[in-house]
>>> print(open('run_3.txt').read())   # compact mmCIF, N, CA and C atoms
# COMPACT_ATOMS: atom_id res chain seq x y z
N MET A 1 265.19 172.60 114.48
CA MET A 1 264.44 172.35 113.27
C MET A 1 263.05 171.81 113.58
N ALA A 2 262.96 170.93 114.57
CA ALA A 2 261.67 170.31 114.87
C ALA A 2 260.64 171.35 115.29
N SER A 3 261.06 172.30 116.12
CA SER A 3 260.10 173.31 116.56
C SER A 3 259.66 174.20 115.40
N SER A 4 260.57 174.46 114.47
CA SER A 4 260.20 175.24 113.28
C SER A 4 259.19 174.49 112.43
N LEU A 5 259.39 173.19 112.27
CA LEU A 5 258.42 172.38 111.52
C LEU A 5 257.05 172.42 112.18
N ARG A 6 257.01 172.20 113.48
CA ARG A 6 255.73 172.22 114.19
C ARG A 6 255.05 173.58 114.07
N CYS A 7 255.80 174.64 114.20
CA CYS A 7 255.25 175.99 114.11
C CYS A 7 254.70 176.24 112.71
N GLY A 8 255.44 175.86 111.68
CA GLY A 8 254.99 176.04 110.32
C GLY A 8 253.73 175.26 110.01
N LEU A 9 253.70 174.01 110.44
CA LEU A 9 252.51 173.19 110.21
C LEU A 9 251.29 173.74 110.94
N ALA A 10 251.49 174.27 112.13
CA ALA A 10 250.38 174.83 112.89
C ALA A 10 249.77 176.05 112.20
N ALA A 11 250.55 176.73 111.38
CA ALA A 11 250.07 177.94 110.72
C ALA A 11 249.29 177.65 109.43
N LEU A 12 249.28 176.40 108.99
CA LEU A 12 248.63 176.06 107.72
C LEU A 12 247.12 175.92 107.86
N ALA A 13 246.43 176.24 106.79
CA ALA A 13 244.98 175.99 106.73
C ALA A 13 244.74 174.48 106.76
N GLY A 14 243.63 174.06 107.30
CA GLY A 14 243.33 172.64 107.45
C GLY A 14 242.95 171.93 106.17
N ASP A 15 242.68 172.67 105.10
CA ASP A 15 242.18 172.03 103.88
C ASP A 15 243.23 171.94 102.77
N ILE A 16 244.52 172.14 103.08
CA ILE A 16 245.53 172.06 102.03
C ILE A 16 245.89 170.60 101.75
N ASP A 17 246.38 170.34 100.55
CA ASP A 17 246.78 168.99 100.15
C ASP A 17 248.19 168.65 100.58
N ALA A 18 249.07 169.65 100.63
CA ALA A 18 250.48 169.41 100.91
C ALA A 18 251.16 170.72 101.27
N ALA A 19 252.40 170.60 101.73
CA ALA A 19 253.22 171.77 102.03
C ALA A 19 254.64 171.50 101.59
N VAL A 20 255.28 172.52 101.05
CA VAL A 20 256.69 172.43 100.70
C VAL A 20 257.48 172.95 101.89
N VAL A 21 258.39 172.13 102.40
CA VAL A 21 259.22 172.52 103.52
C VAL A 21 260.59 172.93 102.96
N LEU A 22 260.88 174.21 103.13
CA LEU A 22 262.14 174.78 102.65
C LEU A 22 263.04 175.07 103.84
N LEU A 23 264.32 174.90 103.63
CA LEU A 23 265.28 175.24 104.66
C LEU A 23 265.75 176.68 104.40
N ALA A 24 265.79 177.48 105.44
CA ALA A 24 266.12 178.90 105.30
C ALA A 24 267.56 179.14 104.89
N ASP A 25 268.41 178.14 105.04
CA ASP A 25 269.84 178.34 104.74
C ASP A 25 270.25 177.74 103.40
N MET A 26 269.31 177.72 102.45
CA MET A 26 269.61 177.19 101.10
C MET A 26 269.34 178.30 100.07
N PRO A 27 270.28 179.24 99.93
CA PRO A 27 270.03 180.44 99.13
C PRO A 27 269.92 180.21 97.62
N ARG A 28 270.30 179.07 97.13
CA ARG A 28 270.24 178.84 95.68
C ARG A 28 268.93 178.20 95.23
N ILE A 29 268.05 177.89 96.16
CA ILE A 29 266.72 177.38 95.80
C ILE A 29 265.90 178.54 95.29
N ASP A 30 265.24 178.33 94.15
CA ASP A 30 264.40 179.40 93.60
C ASP A 30 263.01 178.85 93.26
N GLY A 31 262.17 179.71 92.74
CA GLY A 31 260.80 179.32 92.42
C GLY A 31 260.72 178.16 91.45
N GLY A 32 261.68 178.05 90.54
CA GLY A 32 261.68 176.95 89.59
C GLY A 32 261.82 175.59 90.26
N HIS A 33 262.64 175.52 91.30
CA HIS A 33 262.79 174.27 92.05
C HIS A 33 261.46 173.89 92.70
N ILE A 34 260.84 174.85 93.33
CA ILE A 34 259.58 174.61 94.03
C ILE A 34 258.48 174.24 93.03
N ASP A 35 258.43 174.94 91.91
CA ASP A 35 257.43 174.63 90.88
C ASP A 35 257.56 173.20 90.39
N ARG A 36 258.78 172.71 90.23
CA ARG A 36 258.97 171.33 89.77
C ARG A 36 258.46 170.31 90.78
N LEU A 37 258.65 170.59 92.06
CA LEU A 37 258.14 169.68 93.10
C LEU A 37 256.61 169.68 93.08
N ILE A 38 256.02 170.85 92.99
CA ILE A 38 254.56 170.96 92.98
C ILE A 38 253.99 170.25 91.75
N ALA A 39 254.64 170.41 90.60
CA ALA A 39 254.17 169.77 89.37
C ALA A 39 254.20 168.25 89.47
N ALA A 40 255.11 167.71 90.27
CA ALA A 40 255.23 166.26 90.42
C ALA A 40 254.23 165.69 91.43
N PHE A 41 253.55 166.55 92.17
CA PHE A 41 252.62 166.09 93.21
C PHE A 41 251.25 165.80 92.62
N ASP A 42 250.71 164.64 92.96
CA ASP A 42 249.36 164.26 92.54
C ASP A 42 248.51 164.07 93.80
N PRO A 43 247.60 164.99 94.10
CA PRO A 43 246.81 164.88 95.33
C PRO A 43 245.91 163.64 95.37
N ARG A 44 245.66 163.02 94.22
CA ARG A 44 244.86 161.79 94.21
C ARG A 44 245.68 160.59 94.66
N ARG A 45 246.99 160.68 94.50
CA ARG A 45 247.93 159.64 94.95
C ARG A 45 249.08 160.34 95.66
N PRO A 46 248.83 160.89 96.83
CA PRO A 46 249.83 161.73 97.48
C PRO A 46 251.08 160.97 97.91
N LYS A 47 252.21 161.43 97.40
CA LYS A 47 253.51 160.89 97.79
C LYS A 47 254.39 162.06 98.26
N ILE A 48 255.43 161.73 98.97
CA ILE A 48 256.41 162.71 99.41
C ILE A 48 257.28 163.02 98.19
N VAL A 49 257.31 164.25 97.77
CA VAL A 49 258.05 164.63 96.56
C VAL A 49 259.42 165.18 96.99
N VAL A 50 260.47 164.51 96.50
CA VAL A 50 261.83 164.81 96.94
C VAL A 50 262.73 165.08 95.73
N PRO A 51 263.52 166.16 95.78
CA PRO A 51 264.48 166.39 94.71
C PRO A 51 265.66 165.43 94.84
N MET A 52 266.14 164.93 93.71
CA MET A 52 267.24 163.97 93.71
C MET A 52 268.27 164.38 92.67
N LYS A 53 269.52 164.09 92.98
CA LYS A 53 270.60 164.25 92.01
C LYS A 53 271.66 163.20 92.31
N ASP A 54 272.01 162.47 91.30
CA ASP A 54 273.05 161.43 91.44
C ASP A 54 272.77 160.48 92.60
N GLY A 55 271.50 160.10 92.77
CA GLY A 55 271.13 159.15 93.81
C GLY A 55 271.04 159.72 95.22
N ARG A 56 271.22 161.02 95.36
CA ARG A 56 271.15 161.67 96.68
C ARG A 56 269.90 162.51 96.79
N ARG A 57 269.26 162.44 97.97
CA ARG A 57 268.11 163.29 98.25
C ARG A 57 268.58 164.68 98.64
N GLY A 58 267.77 165.67 98.24
CA GLY A 58 268.06 167.05 98.61
C GLY A 58 266.86 167.70 99.26
N ASN A 59 266.85 169.00 99.24
CA ASN A 59 265.76 169.81 99.78
C ASN A 59 265.43 170.90 98.79
N PRO A 60 264.26 171.45 98.83
CA PRO A 60 263.14 171.25 99.75
C PRO A 60 262.38 169.97 99.46
N VAL A 61 261.46 169.64 100.36
CA VAL A 61 260.63 168.44 100.24
C VAL A 61 259.16 168.84 100.30
N LEU A 62 258.36 168.27 99.42
CA LEU A 62 256.91 168.49 99.45
C LEU A 62 256.28 167.34 100.23
N TRP A 63 255.57 167.69 101.29
CA TRP A 63 254.95 166.71 102.18
C TRP A 63 253.44 166.73 102.01
N PRO A 64 252.84 165.59 101.69
CA PRO A 64 251.37 165.50 101.68
C PRO A 64 250.81 165.67 103.10
N ARG A 65 249.61 166.17 103.19
CA ARG A 65 248.95 166.41 104.48
C ARG A 65 248.92 165.17 105.37
N GLY A 66 248.83 164.00 104.79
CA GLY A 66 248.76 162.77 105.58
C GLY A 66 249.98 162.52 106.46
N PHE A 67 251.06 163.22 106.24
CA PHE A 67 252.27 163.05 107.05
C PHE A 67 252.42 164.13 108.12
N PHE A 68 251.56 165.13 108.11
CA PHE A 68 251.72 166.25 109.04
C PHE A 68 251.71 165.81 110.50
N ALA A 69 250.79 164.91 110.87
CA ALA A 69 250.72 164.48 112.28
C ALA A 69 252.02 163.82 112.71
N GLU A 70 252.59 163.00 111.85
CA GLU A 70 253.86 162.33 112.20
C GLU A 70 255.00 163.35 112.27
N ILE A 71 255.02 164.31 111.37
CA ILE A 71 256.07 165.33 111.40
C ILE A 71 255.98 166.14 112.68
N ARG A 72 254.78 166.36 113.19
CA ARG A 72 254.62 167.13 114.44
C ARG A 72 255.26 166.42 115.64
N THR A 73 255.56 165.14 115.53
CA THR A 73 256.18 164.41 116.64
C THR A 73 257.71 164.43 116.58
N VAL A 74 258.27 164.99 115.52
CA VAL A 74 259.72 165.04 115.33
C VAL A 74 260.35 165.93 116.40
N GLU A 75 261.52 165.52 116.88
CA GLU A 75 262.25 166.31 117.87
C GLU A 75 263.69 166.46 117.44
N GLY A 76 264.33 167.50 117.92
CA GLY A 76 265.75 167.70 117.67
C GLY A 76 266.03 168.53 116.43
N ASP A 77 267.27 168.39 115.97
CA ASP A 77 267.77 169.24 114.90
C ASP A 77 268.01 168.47 113.59
N VAL A 78 267.22 167.42 113.36
CA VAL A 78 267.40 166.64 112.13
C VAL A 78 266.22 166.77 111.20
N GLY A 79 265.26 167.60 111.55
CA GLY A 79 264.09 167.76 110.69
C GLY A 79 263.31 166.47 110.59
N ALA A 80 262.73 166.24 109.43
CA ALA A 80 261.87 165.07 109.23
C ALA A 80 262.60 163.94 108.51
N ARG A 81 263.91 163.90 108.62
CA ARG A 81 264.71 162.86 107.96
C ARG A 81 264.26 161.45 108.32
N ASP A 82 263.96 161.21 109.59
CA ASP A 82 263.52 159.87 110.00
C ASP A 82 262.15 159.52 109.41
N VAL A 83 261.29 160.52 109.28
CA VAL A 83 259.97 160.29 108.66
C VAL A 83 260.18 159.86 107.20
N LEU A 84 261.08 160.52 106.51
CA LEU A 84 261.41 160.12 105.14
C LEU A 84 261.89 158.67 105.09
N SER A 85 262.77 158.31 105.99
CA SER A 85 263.30 156.95 106.02
C SER A 85 262.21 155.91 106.27
N ARG A 86 261.31 156.21 107.18
CA ARG A 86 260.23 155.26 107.49
C ARG A 86 259.25 155.09 106.32
N HIS A 87 259.18 156.07 105.45
CA HIS A 87 258.21 156.04 104.36
C HIS A 87 258.90 156.06 103.00
N ALA A 88 260.05 155.42 102.91
CA ALA A 88 260.85 155.42 101.68
C ALA A 88 260.04 154.92 100.48
N GLY A 89 259.12 154.02 100.69
CA GLY A 89 258.30 153.50 99.60
C GLY A 89 257.26 154.48 99.10
N GLN A 90 257.09 155.58 99.79
CA GLN A 90 256.10 156.58 99.39
C GLN A 90 256.74 157.87 98.88
N ILE A 91 257.98 157.75 98.43
CA ILE A 91 258.70 158.91 97.91
C ILE A 91 258.58 158.95 96.39
N GLU A 92 258.28 160.14 95.90
CA GLU A 92 258.26 160.41 94.45
C GLU A 92 259.51 161.26 94.16
N PRO A 93 260.55 160.64 93.60
CA PRO A 93 261.76 161.41 93.31
C PRO A 93 261.59 162.29 92.08
N VAL A 94 262.20 163.46 92.12
CA VAL A 94 262.22 164.36 90.98
C VAL A 94 263.69 164.67 90.68
N ALA A 95 264.11 164.35 89.47
CA ALA A 95 265.52 164.55 89.09
C ALA A 95 265.82 166.03 88.89
N PHE A 96 266.90 166.47 89.51
CA PHE A 96 267.42 167.82 89.34
C PHE A 96 268.84 167.71 88.84
N ASP A 97 269.26 168.68 88.04
CA ASP A 97 270.61 168.62 87.49
C ASP A 97 271.55 169.66 88.08
N ASP A 98 271.13 170.33 89.14
CA ASP A 98 272.04 171.30 89.76
C ASP A 98 272.21 170.99 91.24
N GLU A 99 273.22 171.62 91.81
CA GLU A 99 273.59 171.36 93.21
C GLU A 99 272.82 172.21 94.21
N ALA A 100 271.92 173.06 93.74
CA ALA A 100 271.18 173.94 94.65
C ALA A 100 270.44 173.16 95.72
N ILE A 101 270.00 171.95 95.40
CA ILE A 101 269.23 171.15 96.36
C ILE A 101 270.09 170.64 97.52
N PHE A 102 271.40 170.82 97.44
CA PHE A 102 272.31 170.41 98.51
C PHE A 102 273.01 171.59 99.19
N ALA A 103 273.05 172.74 98.55
CA ALA A 103 273.87 173.86 99.02
C ALA A 103 273.19 174.59 100.17
N ASP A 104 273.65 174.29 101.40
CA ASP A 104 273.12 175.04 102.53
C ASP A 104 274.26 175.84 103.16
N VAL A 105 273.89 176.87 103.87
CA VAL A 105 274.86 177.82 104.40
C VAL A 105 274.74 177.82 105.92
N ASP A 106 275.73 177.23 106.58
CA ASP A 106 275.73 177.17 108.04
C ASP A 106 276.84 178.01 108.66
N THR A 107 277.80 178.45 107.84
CA THR A 107 278.93 179.22 108.35
C THR A 107 279.27 180.35 107.37
N PRO A 108 280.01 181.35 107.81
CA PRO A 108 280.46 182.39 106.86
C PRO A 108 281.27 181.80 105.70
N ALA A 109 282.08 180.79 105.97
CA ALA A 109 282.87 180.16 104.90
C ALA A 109 281.94 179.50 103.87
N ALA A 110 280.89 178.84 104.33
CA ALA A 110 279.94 178.22 103.40
C ALA A 110 279.22 179.28 102.58
N LEU A 111 278.92 180.43 103.17
CA LEU A 111 278.29 181.51 102.44
C LEU A 111 279.21 182.01 101.33
N SER A 112 280.47 182.16 101.63
CA SER A 112 281.45 182.59 100.63
C SER A 112 281.53 181.58 99.49
N GLU A 113 281.52 180.31 99.83
CA GLU A 113 281.61 179.27 98.81
C GLU A 113 280.39 179.31 97.89
N VAL A 114 279.20 179.44 98.45
CA VAL A 114 277.98 179.51 97.65
C VAL A 114 277.96 180.77 96.79
N ALA A 115 278.43 181.88 97.33
CA ALA A 115 278.45 183.15 96.59
C ALA A 115 279.42 183.10 95.42
N ASP A 116 280.47 182.30 95.54
CA ASP A 116 281.48 182.19 94.48
C ASP A 116 281.01 181.36 93.29
N ARG A 117 279.93 180.62 93.44
CA ARG A 117 279.49 179.74 92.36
C ARG A 117 278.62 180.48 91.39
>>> encode(input="run_3.txt", output="structure tokens")
Amino acid sequence: MASSLRCGLAALAGDIDAAVVLLADMPRIDGGHIDRLIAAFDPRRPKIVVPMKDGRRGNPVLWPRGFFAEIRTVEGDVGARDVLSRHAGQIEPVAFDDEAIFADVDTPAALSEVADR
């Protein structure tokens, strides 16, 4: 995951305000989810915009440009979870009422489960 984050960030234009980081194995995320995160972002007061349901954080996450350098230092297969933890006071939660923000597909069985919903 870390190398994918670094590669994605390297491909961005230098003048953007933020980037939405989506996980490729979350098939129930759609444009409406992303639009809600973008609508919650204020570039004048940039915060990390995170989808939430029942007190749990989900994905995708909108990251302000000010965090890109720190995200580039992430290693391993946990993504930017530690960066989120270190900056918990700078999170802008957005309430979601569906489970799409948690549904990821890592196995054929998980794919079947998501397809059945």
>>> atom_distance(input="run_3.txt", atom1="atom N of Pro27 in chain A", atom2="CA of Ala109 in chain A")
13.6 Å
>>> closest_residue(input="run_3.txt", among="A:Ala13, A:Leu22, A:Val50, A:Ala2", to="Gln90 in chain A", atoms="all atoms listed in the file")
A:Val50
>>> atom_distance(input="run_3.txt", atom1="atom C of Gly55 in chain A", atom2="CA of Phe102 in chain A")
11.3 Å
>>> residues_around(input="run_3.txt", residues="range 40-47 of chain A", least_positions_apart="5", cutoff="6.5 Å", atoms="all atoms listed in the file", output="PyMOL selection string")
chain A and resi 17+35+62-64+90-92
>>> residues_around(input="run_3.txt", residues="Glu99 in chain A", least_positions_apart="4", cutoff="10 Å", atoms="only C-alpha atoms", output="count of residues only")
6
>>> residues_around(input="run_3.txt", residues="Arg86 in chain A", least_positions_apart="5", cutoff="12 Å", atoms="only C-alpha atoms", output="PDB file with N, CA and C atoms, keeping the file's coordinate frame")
ATOM      1  N   ILE A  48     255.430 161.730  98.970  1.00  0.00           N
ATOM      2  CA  ILE A  48     256.410 162.710  99.410  1.00  0.00           C
ATOM      3  C   ILE A  48     257.280 163.020  98.190  1.00  0.00           C
ATOM      4  N   PHE A  67     251.060 163.220 106.240  1.00  0.00           N
ATOM      5  CA  PHE A  67     252.270 163.050 107.050  1.00  0.00           C
ATOM      6  C   PHE A  67     252.420 164.130 108.120  1.00  0.00           C
ATOM      7  N   GLU A  70     252.590 163.000 111.850  1.00  0.00           N
ATOM      8  CA  GLU A  70     253.860 162.330 112.200  1.00  0.00           C
ATOM      9  C   GLU A  70     255.000 163.350 112.270  1.00  0.00           C
ATOM     10  N   ILE A  71     255.020 164.310 111.370  1.00  0.00           N
ATOM     11  CA  ILE A  71     256.070 165.330 111.400  1.00  0.00           C
ATOM     12  C   ILE A  71     255.980 166.140 112.680  1.00  0.00           C
ATOM     13  N   ALA A  80     262.730 166.240 109.430  1.00  0.00           N
ATOM     14  CA  ALA A  80     261.870 165.070 109.230  1.00  0.00           C
ATOM     15  C   ALA A  80     262.600 163.940 108.510  1.00  0.00           C
ATOM     16  N   ARG A  81     263.910 163.900 108.620  1.00  0.00           N
ATOM     17  CA  ARG A  81     264.710 162.860 107.960  1.00  0.00           C
ATOM     18  C   ARG A  81     264.260 161.450 108.320  1.00  0.00           C
ATOM     19  N   ILE A  91     257.980 157.750  98.430  1.00  0.00           N
ATOM     20  CA  ILE A  91     258.700 158.910  97.910  1.00  0.00           C
ATOM     21  C   ILE A  91     258.580 158.950  96.390  1.00  0.00           C
TER      22      ILE A  91
END
>>> atom_distance(input="run_3.txt", atom1="atom N of Ser4 in chain A", atom2="atom N of Ala115 in chain A")
25.8 Å
>>> closest_residue(input="run_3.txt", among="A:Leu84, A:Met1, A:Pro51, A:Arg56", to="Ala24 in chain A", atoms="only C-alpha atoms")
A:Met1
>>> closest_residue(input="run_3.txt", among="A:Val114, A:Ile101, A:Ala18, A:Ala88", to="Asn59 in chain A", atoms="only N, CA and C atoms")
A:Ile101
>>> closest_residue(input="run_3.txt", among="A:Leu5, A:Gly79, A:Glu113, A:Pro60", to="Met26 in chain A", atoms="only C-alpha atoms")
A:Pro60
>>> closest_residue(input="run_3.txt", among="A:Pro93, A:Arg72, A:Leu37, A:Val83", to="Gly8 in chain A", atoms="only C-alpha atoms")
A:Arg72
